[in-house]
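Undergrad: Handing over target_34.cif, mmCIF, C-alpha atoms and all ligand atoms.
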data_protein
loop_
_atom_site.label_atom_id
_atom_site.label_comp_id
_atom_site.auth_asym_id
_atom_site.auth_seq_id
_atom_site.Cartn_x
_atom_site.Cartn_y
_atom_site.Cartn_z
CA MET A 1 95.11 151.90 -16.91
CA ASP A 2 97.99 150.28 -18.78
CA VAL A 3 97.66 146.57 -19.32
CA ILE A 4 100.89 144.95 -18.19
CA PHE A 5 101.89 141.51 -19.38
CA LEU A 6 104.54 139.18 -18.09
CA PRO A 7 107.65 139.33 -20.30
CA LYS A 8 107.18 136.95 -23.26
CA SER A 9 110.53 135.29 -22.55
CA TRP A 10 109.32 133.92 -19.19
CA ASN A 11 108.44 130.25 -19.14
CA VAL A 12 105.37 130.65 -16.93
CA ASP A 13 104.49 126.93 -16.93
CA GLN A 14 107.99 126.09 -15.67
CA ILE A 15 107.79 128.78 -12.97
CA LEU A 16 104.44 127.46 -11.72
CA ASP A 17 105.70 123.88 -11.79
CA ASP A 18 108.93 124.73 -9.90
CA LEU A 19 107.00 126.68 -7.26
CA ASP A 20 104.58 123.81 -6.88
CA GLN A 21 107.25 121.07 -6.70
CA HIS A 22 110.06 122.85 -4.84
CA GLY A 23 108.64 126.06 -3.36
CA PHE A 24 111.01 128.19 -5.42
CA ALA A 25 111.79 129.13 -9.04
CA ILE A 26 114.67 130.87 -10.79
CA ILE A 27 114.19 133.03 -13.90
CA ASP A 28 117.24 134.18 -15.89
CA ASP A 29 117.47 136.95 -18.49
CA VAL A 30 114.38 138.47 -16.93
CA TYR A 31 114.38 141.82 -18.77
CA PRO A 32 115.96 143.35 -21.90
CA THR A 33 119.42 144.69 -21.03
CA ASP A 34 118.44 148.33 -21.62
CA TYR A 35 115.90 148.02 -18.79
CA LEU A 36 118.51 146.42 -16.52
CA GLN A 37 120.93 149.28 -17.28
CA ALA A 38 118.29 151.90 -16.51
CA LEU A 39 117.52 150.16 -13.22
CA VAL A 40 121.21 149.96 -12.24
CA LEU A 41 121.44 153.70 -12.89
CA GLU A 42 118.34 154.47 -10.82
CA CYS A 43 119.63 152.31 -7.97
CA THR A 44 123.19 153.69 -7.95
CA THR A 45 122.11 157.35 -8.17
CA HIS A 46 120.09 156.84 -4.97
CA LEU A 47 122.73 154.88 -3.00
CA ASN A 48 123.33 157.85 -0.67
CA GLU A 49 119.70 157.53 0.53
CA PHE A 50 120.00 153.85 1.56
CA ARG A 51 119.70 153.15 5.31
CA ALA A 52 121.01 150.27 7.44
CA ALA A 53 118.36 147.53 7.21
CA ALA A 54 119.21 146.24 10.69
CA VAL A 55 117.99 149.43 12.38
CA GLN A 56 114.30 149.31 13.24
CA ASN A 57 112.71 151.84 15.59
CA GLY A 58 116.19 152.88 16.67
CA VAL A 59 117.13 149.32 17.66
CA ILE A 60 120.09 147.68 15.90
CA SER A 61 120.17 143.91 15.32
CA ASN A 62 123.17 141.92 14.12
CA ILE A 63 121.34 139.53 11.79
CA ARG A 64 122.03 141.62 8.67
CA SER A 65 124.44 144.32 7.53
CA ASP A 66 122.99 145.45 4.19
CA HIS A 67 121.49 148.88 3.41
CA ILE A 68 118.06 149.37 1.83
CA LEU A 69 115.79 151.94 0.18
CA TRP A 70 112.03 151.30 0.08
CA ILE A 71 110.58 151.76 -3.41
CA ASN A 72 107.83 154.33 -3.91
CA ASP A 73 106.25 156.04 -6.93
CA ASN A 74 109.23 158.39 -7.34
CA LEU A 75 111.42 155.50 -8.47
CA ASP A 76 109.92 155.18 -11.97
CA ILE A 77 112.16 152.44 -13.32
CA ALA A 78 111.86 150.18 -10.27
CA GLN A 79 108.10 150.76 -10.37
CA GLN A 80 107.95 148.95 -13.74
CA HIS A 81 109.44 145.88 -12.06
CA ILE A 82 106.79 146.15 -9.32
CA ASP A 83 104.12 146.27 -12.05
CA THR A 84 105.52 143.06 -13.53
CA LEU A 85 105.41 141.45 -10.08
CA LYS A 86 101.76 142.52 -9.73
CA GLN A 87 101.05 140.73 -12.98
CA LEU A 88 102.93 137.67 -11.66
CA SER A 89 100.76 137.90 -8.51
CA ASN A 90 97.61 137.64 -10.65
CA THR A 91 98.98 134.51 -12.29
CA LEU A 92 99.96 132.96 -8.94
CA ASN A 93 96.54 133.80 -7.49
CA ARG A 94 94.86 132.01 -10.39
CA TYR A 95 96.91 128.83 -9.94
CA PHE A 96 97.52 128.67 -6.22
CA TYR A 97 94.69 130.79 -4.78
CA LEU A 98 97.16 132.84 -2.74
CA GLY A 99 94.99 135.95 -2.45
CA ILE A 100 97.94 138.28 -3.11
CA ASN A 101 96.73 141.88 -3.18
CA GLU A 102 99.84 143.95 -2.53
CA VAL A 103 103.52 144.14 -3.51
CA GLU A 104 106.09 145.84 -1.25
CA ALA A 105 109.73 146.18 -2.27
CA HIS A 106 113.07 147.75 -1.45
CA PHE A 107 116.43 148.09 -3.12
CA ALA A 108 119.20 146.38 -1.15
CA CYS A 109 122.94 146.99 -1.27
CA TYR A 110 125.38 144.53 0.32
CA ASN A 111 128.89 145.97 0.28
CA ALA A 112 131.91 143.66 0.55
CA GLY A 113 131.75 141.84 3.89
CA GLU A 114 127.98 142.21 4.32
CA PHE A 115 125.47 139.36 4.84
CA TYR A 116 122.01 138.38 6.11
CA THR A 117 121.92 135.40 8.49
CA LEU A 118 119.39 132.52 8.38
CA HIS A 119 115.81 133.72 8.59
CA ARG A 120 112.30 133.36 7.19
CA ASP A 121 110.53 136.37 5.66
CA ASN A 122 107.25 135.21 7.15
CA PRO A 123 107.87 133.29 10.37
CA GLN A 124 104.83 131.21 11.42
CA GLY A 125 102.56 133.02 8.96
CA LYS A 126 102.64 136.10 11.20
CA ASN A 127 102.62 138.63 8.37
CA GLY A 128 100.96 138.68 4.96
CA ARG A 129 104.09 137.80 2.99
CA MET A 130 103.30 134.85 0.71
CA ILE A 131 106.06 134.97 -1.92
CA SER A 132 109.50 136.62 -1.86
CA ALA A 133 111.01 137.75 -5.16
CA VAL A 134 114.64 138.91 -5.34
CA TYR A 135 115.98 140.48 -8.56
CA TYR A 136 119.75 141.00 -8.93
CA LEU A 137 120.96 144.10 -10.73
CA HIS A 138 124.70 144.66 -10.27
CA LYS A 139 126.59 144.93 -13.57
CA GLN A 140 128.40 141.60 -13.23
CA TRP A 141 128.87 138.73 -10.78
CA GLN A 142 131.46 135.96 -10.59
CA ASP A 143 130.83 132.61 -8.92
CA ASP A 144 133.67 133.12 -6.40
CA TRP A 145 132.32 136.46 -5.14
CA GLY A 146 130.12 134.89 -2.44
CA GLY A 147 126.77 136.57 -1.95
CA GLN A 148 124.74 133.43 -2.75
CA LEU A 149 121.16 133.10 -1.68
CA HIS A 150 121.28 129.88 0.37
CA LEU A 151 117.76 128.47 0.48
CA GLN A 152 116.07 125.40 1.92
CA ASP A 153 113.32 124.27 -0.44
CA LYS A 154 109.94 122.86 0.62
CA ASN A 155 111.40 119.31 0.51
CA ASN A 156 114.20 120.35 2.91
CA GLN A 157 116.90 120.35 0.20
CA TRP A 158 119.43 123.21 0.37
CA HIS A 159 120.43 125.25 -2.70
CA TYR A 160 123.10 127.91 -3.35
CA ILE A 161 121.72 130.42 -5.84
CA HIS A 162 124.29 132.79 -7.32
CA PRO A 163 123.09 136.40 -7.60
CA LYS A 164 123.59 136.56 -11.37
CA PRO A 165 122.58 139.93 -12.83
CA ASN A 166 119.14 139.95 -14.48
CA ARG A 167 118.09 136.87 -12.45
CA LEU A 168 114.89 136.68 -10.40
CA ALA A 169 114.64 134.22 -7.50
CA ILE A 170 111.07 133.55 -6.37
CA PHE A 171 110.34 131.53 -3.22
CA GLN A 172 107.72 130.88 -0.56
CA SER A 173 108.26 133.49 2.15
CA ASP A 174 108.06 130.83 4.89
CA LEU A 175 111.21 129.03 3.66
CA LEU A 176 114.48 129.28 5.60
CA HIS A 177 117.25 131.20 3.78
CA GLU A 178 120.29 133.45 4.17
CA VAL A 179 122.59 135.68 2.13
CA ILE A 180 126.20 134.49 2.27
CA GLU A 181 128.76 137.25 2.85
CA ALA A 182 129.39 139.12 -0.41
CA LYS A 183 132.93 139.90 -1.55
CA HIS A 184 131.84 142.67 -3.93
CA GLN A 185 129.01 145.17 -3.96
CA ARG A 186 125.76 143.24 -4.51
CA LEU A 187 122.64 145.15 -5.65
CA SER A 188 119.09 143.80 -5.70
CA ILE A 189 115.41 144.51 -5.32
CA THR A 190 113.70 142.36 -2.72
CA ALA A 191 109.92 142.26 -3.08
CA TRP A 192 107.17 140.52 -1.17
CA LEU A 193 103.86 139.52 -2.70
CA ARG A 194 101.44 139.94 0.17
CA SER A 195 97.97 138.80 1.03
CA ASP A 196 96.63 141.23 3.58
CA GLN A 197 92.98 140.23 3.52
CA GLN A 198 91.82 139.21 6.96
CA LEU A 199 89.67 136.09 6.97
CA LEU A 200 86.61 136.66 9.12
C1 LIG B 1 115.74 139.38 2.18
C2 LIG B 1 116.54 138.28 1.58
C3 LIG B 1 117.80 137.40 -0.29
C4 LIG B 1 118.76 137.87 -1.35
O1 LIG B 1 115.91 140.55 1.77
O2 LIG B 1 114.91 139.10 3.06
O3 LIG B 1 116.53 137.22 2.13
O4 LIG B 1 119.22 137.01 -2.12
N1 LIG B 1 117.23 138.49 0.43
O5 LIG B 1 119.06 139.06 -1.40
MN MN B 2 114.77 137.04 3.36
#
Using structure tokens, write down the structure that the file contains.

TA:
Amino acid sequence: MDVIFLPKSWNVDQILDDLDQHGFAIIDDVYPTDYLQALVLECTTHLNEFRAAAVQNGVISNIRSDHILWINDNLDIAQQHIDTLKQLSNTLNRYFYLGINEVEAHFACYNAGEFYTLHRDNPQGKNGRMISAVYYLHKQWQDDWGGQLHLQDKNNQWHYIHPKPNRLAIFQSDLLHEVIEAKHQRLSITAWLRSDQQLL
């Protein structure tokens, strides 16, 4: 098995401290740009396979209008990002005893006019999602293009986080958040670090 390390450029102490103090952390310049470019290519070549995220079991909800593609082993480039998140999970388990044992992830595409209204990824601890991690991978983003992640931190302070390319936003899955309507195509990978062990 390959041994995967967290990218050397990540300030792991800062990430742990921010998660501890605020319930979220932002990492910029996450990967070398050649990886980002390869990921953009993998995402955009599969855009025709994305499906409306709001449709579940044939039922349509109006809380979100983005389209998604779940990531599996066939998406080699995205899989490397998942491997990095598994390594991050090990680090978080060591510091916070979260018991994360699984990472699930999908690409998401918000076209102009699309949004995701206020929600929690893990309402009332009903699923195993402990930490949400959103990585932004469009080629460029300007501050007046909307599409911010609007997040309430664990001290009830609200933050607007711009979806800058090559940025990773990590937050507790029980925090309230939304995606403000995007004015341009916004591409990302949303991942959840899950703890699916049942306590007996
Ligand atoms: C989600 C989500 C935030 C973002 O997919 O559940 O809240 O910034 N995404 O894309
Ligand atoms: Mn969410």

Undergrad: Tell me, as a PyMOL selection string, which residues lie within 10 Å of segment 141-152 of chain A, counting only C-alpha atoms; anything in the same chain fewer than 3 positions away does not count.

TA: chain A and resi 22-24+110-120+134+136-138+155-165+169+171+175-186

Undergrad: What does the distance from atom CA of His81 of chain A to atom CA of Ser132 of chain A come to in Å, to one decimal?

TA: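 Atom CA of His81 of chain A sits 13.8 Å away from atom CA of Ser132 of chain A.
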
Undergrad: Measuring between all atoms listed in the file, which one of A:Arg167, A:His67, A:Arg194, A:Arg129 shows the shortest distance to Ala52 of chain A?

TA: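 Smallest distance to Ala52 of chain A is found for A:His67.
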
Undergrad: Restricting the calculation to only C-alpha atoms, which member of A:Phe107, A:Arg51, A:Cys43, A:Gln21 is positioned closest to Lys154 of chain A?

TA: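 Distance minimum relative to Lys154 of chain A lands on A:Gln21.
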
Undergrad: With all atoms listed in the file as the basis for distance, which of A:Gln87, A:Gln140, A:Asn166, A:Ser65 is at the shortest distance from Thr33 of chain A?

TA: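 Distance minimum relative to Thr33 of chain A lands on A:Asn166.
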
Undergrad: Enter the distance from atom CA of Thr190 of chain A to atom CA of Ala53 of chain A, in Å, rounded to one decimal.

TA: 12.1 Å

Undergrad: I'd like to know which of A:Asn122, A:Asn90, A:Asn127, A:Asn74 is closest to ligand MN 2 (chain B), using all atoms listed in the file.

TA: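 Using all atoms listed in the file, the shortest distance to ligand MN 2 (chain B) belongs to A:Asn122.
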
Undergrad: Could you tell me which of A:Ser188, A:Ser61, A:Asn11, A:Asn93 comes closest to Ala25 of chain A if we count only C-alpha atoms?

TA: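 Among the listed residues, the smallest separation from Ala25 of chain A belongs to A:Asn11.
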
Undergrad: Quick one: distance from atom CA of Leu6 of chain A to atom CA of Lys126 of chain A in Å, one decimal?

TA: 29.5 Å

Undergrad: Padding of 5 Å on every side, edges along x, y and z, all listed atoms of ligand LIG 1 (chain B) included: what centre and edge lengths in Å, to one decimal, does that box have, as AutoDock Vina command-line options?

TA:
--center_x 117.1 --center_y 138.8 --center_z 0.5 --size_x 14.3 --size_y 13.5 --size_z 15.2

Undergrad: Would you mind writing segment 54-75 of chain A with N, CA and C atoms, as an mmCIF file, keeping the file's coordinate frame?

TA:
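Heads up, here's the output in rebuild_30.cif:
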data_model
loop_
_atom_site.group_PDB
_atom_site.id
_atom_site.type_symbol
_atom_site.label_atom_id
_atom_site.label_comp_id
_atom_site.auth_asym_id
_atom_site.auth_seq_id
_atom_site.Cartn_x
_atom_site.Cartn_y
_atom_site.Cartn_z
ATOM 1 N N ALA A 54 119.276 146.862 9.354
ATOM 2 C CA ALA A 54 119.210 146.240 10.690
ATOM 3 C C ALA A 54 118.637 147.179 11.742
ATOM 4 N N VAL A 55 118.499 148.470 11.390
ATOM 5 C CA VAL A 55 117.990 149.430 12.380
ATOM 6 C C VAL A 55 116.489 149.559 12.236
ATOM 7 N N GLN A 56 115.760 149.168 13.260
ATOM 8 C CA GLN A 56 114.300 149.310 13.240
ATOM 9 C C GLN A 56 113.838 149.937 14.537
ATOM 10 N N ASN A 57 113.142 151.062 14.409
ATOM 11 C CA ASN A 57 112.710 151.840 15.590
ATOM 12 C C ASN A 57 113.891 152.151 16.493
ATOM 13 N N GLY A 58 115.013 152.480 15.892
ATOM 14 C CA GLY A 58 116.190 152.880 16.670
ATOM 15 C C GLY A 58 116.958 151.725 17.280
ATOM 16 N N VAL A 59 116.458 150.491 17.077
ATOM 17 C CA VAL A 59 117.130 149.320 17.660
ATOM 18 C C VAL A 59 117.949 148.625 16.567
ATOM 19 N N ILE A 60 119.202 148.306 16.892
ATOM 20 C CA ILE A 60 120.090 147.680 15.900
ATOM 21 C C ILE A 60 120.181 146.184 16.176
ATOM 22 N N SER A 61 119.967 145.353 15.142
ATOM 23 C CA SER A 61 120.170 143.910 15.320
ATOM 24 C C SER A 61 121.410 143.515 14.523
ATOM 25 N N ASN A 62 121.948 142.334 14.825
ATOM 26 C CA ASN A 62 123.170 141.920 14.120
ATOM 27 C C ASN A 62 122.904 140.796 13.126
ATOM 28 N N ILE A 63 121.632 140.618 12.729
ATOM 29 C CA ILE A 63 121.340 139.530 11.790
ATOM 30 C C ILE A 63 121.660 139.907 10.346
ATOM 31 N N ARG A 64 121.762 141.220 10.050
ATOM 32 C CA ARG A 64 122.030 141.620 8.670
ATOM 33 C C ARG A 64 122.817 142.923 8.652
ATOM 34 N N SER A 65 123.613 143.116 7.574
ATOM 35 C CA SER A 65 124.440 144.320 7.530
ATOM 36 C C SER A 65 124.256 145.109 6.233
ATOM 37 N N ASP A 66 123.229 144.738 5.445
ATOM 38 C CA ASP A 66 122.990 145.450 4.190
ATOM 39 C C ASP A 66 122.289 146.791 4.428
ATOM 40 N N HIS A 67 122.209 147.599 3.365
ATOM 41 C CA HIS A 67 121.490 148.880 3.410
ATOM 42 C C HIS A 67 120.356 148.842 2.379
ATOM 43 N N ILE A 68 119.236 149.483 2.706
ATOM 44 C CA ILE A 68 118.060 149.370 1.830
ATOM 45 C C ILE A 68 117.415 150.733 1.572
ATOM 46 N N LEU A 69 116.623 150.774 0.494
ATOM 47 C CA LEU A 69 115.790 151.940 0.180
ATOM 48 C C LEU A 69 114.432 151.426 -0.283
ATOM 49 N N TRP A 70 113.369 151.747 0.475
ATOM 50 C CA TRP A 70 112.030 151.300 0.080
ATOM 51 C C TRP A 70 111.624 151.978 -1.227
ATOM 52 N N ILE A 71 110.953 151.252 -2.086
ATOM 53 C CA ILE A 71 110.580 151.760 -3.410
ATOM 54 C C ILE A 71 109.192 152.393 -3.347
ATOM 55 N N ASN A 72 109.125 153.638 -3.821
ATOM 56 C CA ASN A 72 107.830 154.330 -3.910
ATOM 57 C C ASN A 72 107.640 154.827 -5.342
ATOM 58 N N ASP A 73 106.591 155.594 -5.565
ATOM 59 C CA ASP A 73 106.250 156.040 -6.930
ATOM 60 C C ASP A 73 107.316 156.914 -7.573
ATOM 61 N N ASN A 74 108.194 157.514 -6.756
ATOM 62 C CA ASN A 74 109.230 158.390 -7.340
ATOM 63 C C ASN A 74 110.295 157.609 -8.081
ATOM 64 N N LEU A 75 110.396 156.317 -7.813
ATOM 65 C CA LEU A 75 111.420 155.500 -8.470
ATOM 66 C C LEU A 75 110.760 154.823 -9.680
#
